[in-house]
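Undergrad: To start, I am sharing the structure in question, which I have written as structure tokens.
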There are 2 protein chains.
Amino acid sequence: MSRCPHTHASARTYGIAELAQEFEITHRTIRFYEEQGMLCPQRRGQERIYSSKDRVALILILRGKRIGFSLAECKELIELYDPHGGNQVQLNSMLQKIYERRLQLEQQLLDITQMQLELDAAEQRCLAALDKID
Amino acid sequence: MSRCPHTHASARTYGIAELAQEFEITHRTIRFYEEQGMLCPQRRGQERIYSSKDRVALILILRGKRIGFSLAECKELIELYDPHGGNQVQLNSMLQKIYERRLQLEQQLLDITQMQLELDAAEQRCLAALDKID
DNA sequence: CATTACCTTTACGTAAAGGTAAACCTCGCA
DNA sequence: TGCGAGGTTTACCTTTACGTAAAGGTAATG
């Protein structure tokens, strides 16, 4: 069973080595994320079998990390992504979190463009100094 | 001396409490950054006197941190900002670092816009679920 | 003079995010 | 059948970025 009954877009599964290679991270890292409750692979005996949902979670984690989110924050992102209904209170709290994340992202955009400007200036100083050397 | 002889744009100085309040960080944090060689306050007896250069460094550190740079990376940014001449080899290595930072910032921009899209989608799901409740 | 407020140092603690090592299972196959 | 490739767990180690006492100097204030 579960062998692609109605081809639900992605019944594909992945081994740990496969994911580790694709995303250039270690096995330990992947298991660590599981310890933290961010991945939920099935088991075949001892072996972990990752679903494409796990793979998506990994993508979210790694993207979050690249822009400086903590794992706890990445976990929240995954929960936002997850379709798990919830009652009215929960939904409103999710909307609140989404709002806060958006503010944070906007601040980060400002920080990044500001930093780009400063890199430009630093580059100019370098080039000018090199110019003087000749 | 040093009492504003030719009003060099900013002979202003700052106390630790002042900076801590302005940037909403603790004294400990500021002293820690000094331990790491990122701030170089003068001393009046035991007391630390911060220059506006120190203040700029703090700004760079905090901005760097907001987008997930490590303190080591922030330190590099400060050094890029710092005008300290250097020979041809050093200048070229600085240019290389600037180039790498730029690439990283571009990746971060991609990550952020992607994440914004996902927040949009998550918000839609929340709103749709709330809609169903009514 | 004593208190209060702010500064200092030294030193140990800690959470986050994994790295690394040791030792074991187990499957396929030559 | 035996061995290697790839999987597993447990458990301790490390780095980063500070937090948190403990213990005391200094300066104004009542």
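Quick note on naming: the chains in the structure tokens go A, B, ... in the order shown, residues restart at 1 in each chain, and ligands are numbered from 1 in order of appearance.
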As a PDB file with N, CA, C and O atoms (P, O5', C5', C4', C3', O3' and C1' of nucleotides), in the first residue's frame, could you give me every residue of chain C near chain B (at most 9 Å apart, counting only C-alpha atoms (C1' of nucleotides))?

TA:
```
ATOM      1  P    DC C   6      21.566  55.060  37.698  1.00  0.00           P
ATOM      2  O5'  DC C   6      23.033  54.739  37.166  1.00  0.00           O
ATOM      3  C5'  DC C   6      23.970  55.816  37.026  1.00  0.00           C
ATOM      4  C4'  DC C   6      25.379  55.285  37.003  1.00  0.00           C
ATOM      5  C3'  DC C   6      25.636  54.161  35.980  1.00  0.00           C
ATOM      6  O3'  DC C   6      26.589  54.603  35.025  1.00  0.00           O
ATOM      7  C1'  DC C   6      26.730  53.771  38.035  1.00  0.00           C
ATOM      8  P    DC C   7      26.847  53.710  33.718  1.00  0.00           P
ATOM      9  O5'  DC C   7      28.266  53.055  34.067  1.00  0.00           O
ATOM     10  C5'  DC C   7      29.434  53.865  34.047  1.00  0.00           C
ATOM     11  C4'  DC C   7      30.524  53.225  34.857  1.00  0.00           C
ATOM     12  C3'  DC C   7      31.078  51.900  34.326  1.00  0.00           C
ATOM     13  O3'  DC C   7      32.082  52.136  33.346  1.00  0.00           O
ATOM     14  C1'  DC C   7      30.912  51.927  36.711  1.00  0.00           C
ATOM     15  P    DT C   8      32.531  50.878  32.491  1.00  0.00           P
ATOM     16  O5'  DT C   8      33.312  49.961  33.531  1.00  0.00           O
ATOM     17  C5'  DT C   8      34.580  50.379  34.001  1.00  0.00           C
ATOM     18  C4'  DT C   8      35.101  49.446  35.060  1.00  0.00           C
ATOM     19  C3'  DT C   8      35.330  48.023  34.634  1.00  0.00           C
ATOM     20  O3'  DT C   8      36.546  47.904  33.930  1.00  0.00           O
ATOM     21  C1'  DT C   8      34.434  48.135  36.845  1.00  0.00           C
TER      22       DT C   8
END
```

Undergrad: Can you tell me, as a list of chain:residue names, what residues are no more than 9 Å from DA17 in chain C when counting only C-alpha atoms (C1' of nucleotides), ignoring any on the same chain fewer than 3 positions away?

TA: A:Thr29, A:Phe32, A:Leu71

Undergrad: Keeping only C-alpha atoms, write the selected residues as a short mmCIF file (atom, residue, chain, number, x, y, z; two decimals), in the first residue's frame.

TA:
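So the final result, stored in out.cif, reads:
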```
data_model
loop_
_atom_site.label_atom_id
_atom_site.label_comp_id
_atom_site.auth_asym_id
_atom_site.auth_seq_id
_atom_site.Cartn_x
_atom_site.Cartn_y
_atom_site.Cartn_z
CA THR A 29 22.38 17.77 11.02
CA PHE A 32 19.37 16.96 14.78
CA LEU A 71 15.86 27.03 14.42
#
```

Undergrad: Running DSSP on the backbone, which parts of range 14-131 of chain A land in helix (DSSP H, G or I), as a ChimeraX atom specification?

TA: /A:16-23,27-35,52-66,71-81,88-131

Undergrad: Can you check which residues of chain B have any atom within 9 Å of chain A? Use only C-alpha atoms and format it as a PyMOL selection string.

TA: chain B and resi 60+63-69+77+80-83+85-88+91-92+94-95+98-99+101-102+104-109+111-113+115-116+118-123+125-127+129-130+133

Undergrad: Compute the chain D side of the contact with chain B at 10 Å, counting only C-alpha atoms (C1' of nucleotides), and hand it back as a count of residues only.

TA: 6

Undergrad: Can you pull out every residue from chain A that DSSP, working from the backbone, puts in strand (DSSP E), and format the result as a list in words?

TA: Thr13, Tyr14, Gln42, Arg43, Arg44, Glu47, Arg48, Ile49, Tyr50 and Ser51 of chain A

Undergrad: Nearest residue to DA16 in chain C out of A:Pro41, A:Arg55, A:Gln36, A:Ile78, using only C-alpha atoms (C1' of nucleotides)?

TA: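 Nearest to DA16 in chain C: A:Gln36.
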
Undergrad: For DA22 in chain D, which residue among C:DT20, C:DA30, C:DA15, C:DT9 is the nearest when counting only C-alpha atoms (C1' of nucleotides)?

TA: C:DT9

Undergrad: Near Arg31 in chain A, within 12 Å and counting only C-alpha atoms (C1' of nucleotides), which residues show up once chain neighbours fewer than 6 positions away are dropped, as a list in words?

TA: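 So, after excluding close chain neighbours, the residues are Gly15, Ile16, Ala17, Leu19, Ala20, Ile25, Gly37, Met38, Leu39, Cys40, Pro41, Glu47, Arg48, Ile49, Tyr50, Asp54 and Leu58 of chain A; DG18 of chain C; DT8 and DT9 of chain D.
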
Undergrad: Report the distance between CA of Ile61 in chain B and CA of Glu34 in chain B in Å, rounded to one decimal place.

TA: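 Going from CA of Ile61 in chain B over to CA of Glu34 in chain B, I get 11.7 Å.
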
Undergrad: Point out the residue among C:DT10, C:DA22, C:DC27, C:DA5 with the least atom-to-atom distance to DA28 in chain D, counting only C-alpha atoms (C1' of nucleotides).

TA: C:DA5
